Amino acid sequence: MSVLRPLDKLPGLNTATILLVGTEDALLQQLAEAMLKEDCTSELKVHLAKSLPLPSNVNRPRIDLIVFVVNLHSKHSLRNVEESLHHVDAAFFLGKVSFLATGAGRESHCSIHRNTVTKLAHTYRSPLLFCDLEIEDFRATMAQRLVRMLQICAGHVPSVSALNLLSLLQNSENPSLEDL
């Protein structure tokens with residue numbers, strides 16, 4: 001069993017790499033494209049994975065931030081994230097992991113209660129963001145936010161570390177309607 005560790009690779013000079021893990025290929029691809037459109041002083045690299053572990057034979061850069069995407073309309077999506085979490089080294093949970101719940105805007109269609117995802121994020125002491133990725137404006141806003149988080153996790157923001165993410169995002173556990 002291959003475990004993803006934050007210090008497996010040395011950081012790339014002025015490079016920031018995010019790994020988006022989730023079963024929603026089209027939504028993850030759209031989010032990745034929105035992130036790459038953002039103005040960023042670092043060279044952004046966005047990798048997508050349906051699940052972990054990643055193939056061990058792939059030559060990949062160091063991963064600065066992992067975002068686990070849970071679609072609230074799919075129990076399979078939640079199970080996939082829960083199983084993938086077993087392949088992440090505990091050191092990643094020191095500010096380099098985040099959860100993103102999508103589909104919260106249509107709560108009547110949800111098969112996963114928001115509290116379930118909130119408890120998951122709380123268990124792993126990681127930030128939880130809510131966004132309806134199907135809506136372009138919300139997706140663009142989330143892309144901006146993730147790029148900023150990624151820059152922090154990659155060490156490209158002076159005086160702010162990945163460990164500060166929890167305190168910076170503490171209000172995300174009780175999202176307002178603008179966050180949906």
# chains A, B, ... in the order shown; residues from 1 in each chain; ligands from 1

$ select_by_dssp --residues "chain A" --states "helix (DSSP H, G or I)" --output "PyMOL selection string"
chain A and resi 25-37+75-87+90-93+104-109+114-123+136-153+162-168+170-173+177-179

$ select_by_dssp --residues "range 17-176 of chain A" --states "strand (DSSP E or B)" --output "NGL selection string"
:A and (17-21 or 43-49 or 65-71 or 88 or 97-102 or 128-130)

$ atom_distance --atom1 "CA of Gln30 in chain A" --atom2 "CA of His109 in chain A"
21.9 Å

$ residues_around --residues "Leu4 in chain A" --least-positions-apart "5" --cutoff "8 Å" --atoms "only C-alpha atoms" --output "number ranges by chain"
A: 53-54, 87-89

$ closest_residue --among "A:Asp137, A:Asp132, A:Glu33, A:Glu82" --to "Leu120 in chain A" --atoms "only C-alpha atoms"
A:Glu82
